[in-house]
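One structure below.
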Amino acid sequence: MTDPIDPTDPTHPPGVGTDVPVLEPAHVSDDPGRPDYVIEGAPGALLVIISGPSGVGKDTIIDIMRSREAAEGRQGERHYVVTVTTRAPREGEVDGVDYHFVSREEFLRMRGARGLLEANEVHGNWYGSPRDQVRTALLTGKDVILKIDVQGAQTVKEQVSEALLIFIIPPSQETLFARLRARATENADELEVRQRDAAVELARQNDYDHVVVNETGQVARTADEIEAIIAEERAAHAGRRVRV
C-alpha cells in the first residue's frame, strides 16, 4: 500500500505520486510553502493588498477600479489576481474570472508544490493566491492587486516585505452587519460566524499601511482614495523592486 503524501514534506517532489491521497494539514496557513527562490519585479511595480472584513465592499471597489481602467484605455496595465478556492460558485460567478474553482485535493496539491503565495481556510473553505500570477505581472512591470482576507494579508507581508497593505473598513460595525444581512448569501448560522469574524478582523486594522473608510453610497470616493495611495507609493519608490 502506498503511503499518503504529506504536503508539508519538502523532500517530496511536486507533481510526483499524484495518484495517491494527500494529507490535509490542520490549517494551510501553518505552512504557507515558501519557494526555493525569489524573483525581483520590474522597478516600481507594486504588490497591493486590498483587505477588509466580509461585506465591506471590496469587490465593488475593485470593479470600479477596473471599469475606470477600461474606460480610459488602460485595461491590462494592472493584474488583478484570480484567487483559487474550494468553495462552490455562487450564482453568476464565472470560473477563471471571479475565482478559479478547484477541488480540495487539487488545492492541496497546488499548495504542496509551493504554487500559492498564501493559503487559508475561511468559513470552511480554502482560498489561495497563485504565486505565478503575481510573479509574471511584476516581472512585466504591472502593479498587482490582490484581494485577500486578514489572515492571508499577514502571510503575504511576512514573505513580501515590500507589499502595500490597504485595509477597507465600514463607517461603523453596525453598518457592516446591516450590509451582511442585506446581502442574504448566508444562512443564520453562517451570518453569525461572519459577524463574529468581522469584529475580530476590524481590530486588526493597525497592522496595515493604510486604512480607508468605505462610506455608505460613496464607493467611488473610496476607489479614489485607493488610487491616490497607489500613485503616491509609485512616486515615492519608483526604483524599488518587489521580491516574491
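So you can find residues: chains in the C-alpha cells are A, B, ... in the order shown, residues in each start at 1, and ligands are numbered from 1 in order.
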
Quick one: DSSP strand (DSSP E) residues in region 9-216 of chain A, as a ChimeraX atom specification? /A:47-51,78-80,84-85,100-101,116-122,125-130,143-147,164-169,210-213

Export of the given selection (C-alpha atoms) as a PDB file, in the first residue's frame:
```pdb
ATOM      1  CA  LEU A  47       2.066  44.365  -4.963  1.00  0.00           C
ATOM      2  CA  VAL A  48      -1.057  45.969  -3.481  1.00  0.00           C
ATOM      3  CA  ILE A  49      -3.107  44.019  -0.965  1.00  0.00           C
ATOM      4  CA  ILE A  50      -6.701  45.149  -0.522  1.00  0.00           C
ATOM      5  CA  SER A  51      -8.236  43.610   2.547  1.00  0.00           C
ATOM      6  CA  ARG A  78      -2.599  46.132 -13.779  1.00  0.00           C
ATOM      7  CA  HIS A  79      -3.075  42.498 -12.918  1.00  0.00           C
ATOM      8  CA  TYR A  80      -5.939  41.542 -10.625  1.00  0.00           C
ATOM      9  CA  VAL A  84      -8.141  29.767  -6.176  1.00  0.00           C
ATOM     10  CA  THR A  85     -10.879  28.418  -3.924  1.00  0.00           C
ATOM     11  CA  HIS A 100     -10.562  29.501 -10.020  1.00  0.00           C
ATOM     12  CA  PHE A 101     -12.824  26.820  -8.541  1.00  0.00           C
ATOM     13  CA  LEU A 116       0.385  29.527  -3.688  1.00  0.00           C
ATOM     14  CA  LEU A 117       1.667  32.760  -2.199  1.00  0.00           C
ATOM     15  CA  GLU A 118      -0.740  32.370   0.689  1.00  0.00           C
ATOM     16  CA  ALA A 119      -3.430  29.886   1.567  1.00  0.00           C
ATOM     17  CA  ASN A 120      -6.051  29.922   4.288  1.00  0.00           C
ATOM     18  CA  GLU A 121      -9.204  28.194   5.398  1.00  0.00           C
ATOM     19  CA  VAL A 122     -12.065  30.651   5.824  1.00  0.00           C
ATOM     20  CA  ASN A 125     -13.488  26.746   2.526  1.00  0.00           C
ATOM     21  CA  TRP A 126      -9.922  27.128   1.270  1.00  0.00           C
ATOM     22  CA  TYR A 127      -8.585  30.162  -0.590  1.00  0.00           C
ATOM     23  CA  GLY A 128      -5.160  30.786  -2.093  1.00  0.00           C
ATOM     24  CA  SER A 129      -3.277  33.271  -4.278  1.00  0.00           C
ATOM     25  CA  PRO A 130      -1.386  31.738  -7.227  1.00  0.00           C
ATOM     26  CA  ASP A 143       1.049  46.580 -10.435  1.00  0.00           C
ATOM     27  CA  VAL A 144      -0.614  43.547  -8.881  1.00  0.00           C
ATOM     28  CA  ILE A 145      -3.882  43.945  -6.985  1.00  0.00           C
ATOM     29  CA  LEU A 146      -4.502  41.126  -4.533  1.00  0.00           C
ATOM     30  CA  LYS A 147      -7.809  40.969  -2.664  1.00  0.00           C
ATOM     31  CA  LEU A 164       1.497  47.661   0.248  1.00  0.00           C
ATOM     32  CA  LEU A 165      -1.354  46.784   2.629  1.00  0.00           C
ATOM     33  CA  ILE A 166      -4.650  48.699   2.390  1.00  0.00           C
ATOM     34  CA  PHE A 167      -7.477  47.901   4.803  1.00  0.00           C
ATOM     35  CA  ILE A 168     -11.080  48.806   3.985  1.00  0.00           C
ATOM     36  CA  ILE A 169     -13.403  49.458   6.919  1.00  0.00           C
ATOM     37  CA  HIS A 210      -3.352  52.489   5.127  1.00  0.00           C
ATOM     38  CA  VAL A 211      -6.933  52.346   6.386  1.00  0.00           C
ATOM     39  CA  VAL A 212      -9.731  53.618   4.112  1.00  0.00           C
ATOM     40  CA  VAL A 213     -13.346  54.080   5.215  1.00  0.00           C
TER      41      VAL A 213
END
```

In region 34-229 of chain A, what's alpha helix (DSSP H) per DSSP? Answer as an NGL selection string? :A and (58-71 or 104-112 or 131-139 or 150-159 or 173-183 or 188-202 or 219-229)

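With only C-alpha atoms as the atoms that count, the residue of A:Val97, A:Ala70, A:Ala113, A:Ala163 with the shortest distance to Arg240 (chain A) is A:Ala163.
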
From the options A:Glu215, A:Asp149, A:Glu158, A:Asp36, which residue's atoms come nearest to Gln173 (chain A), counting only C-alpha atoms? A:Glu215

Residue nearest Arg179 (chain A) among A:Arg74, A:Arg114, A:Arg194, A:Arg68 (counting only C-alpha atoms):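 Selected residue with least distance to Arg179 (chain A): A:Arg194.
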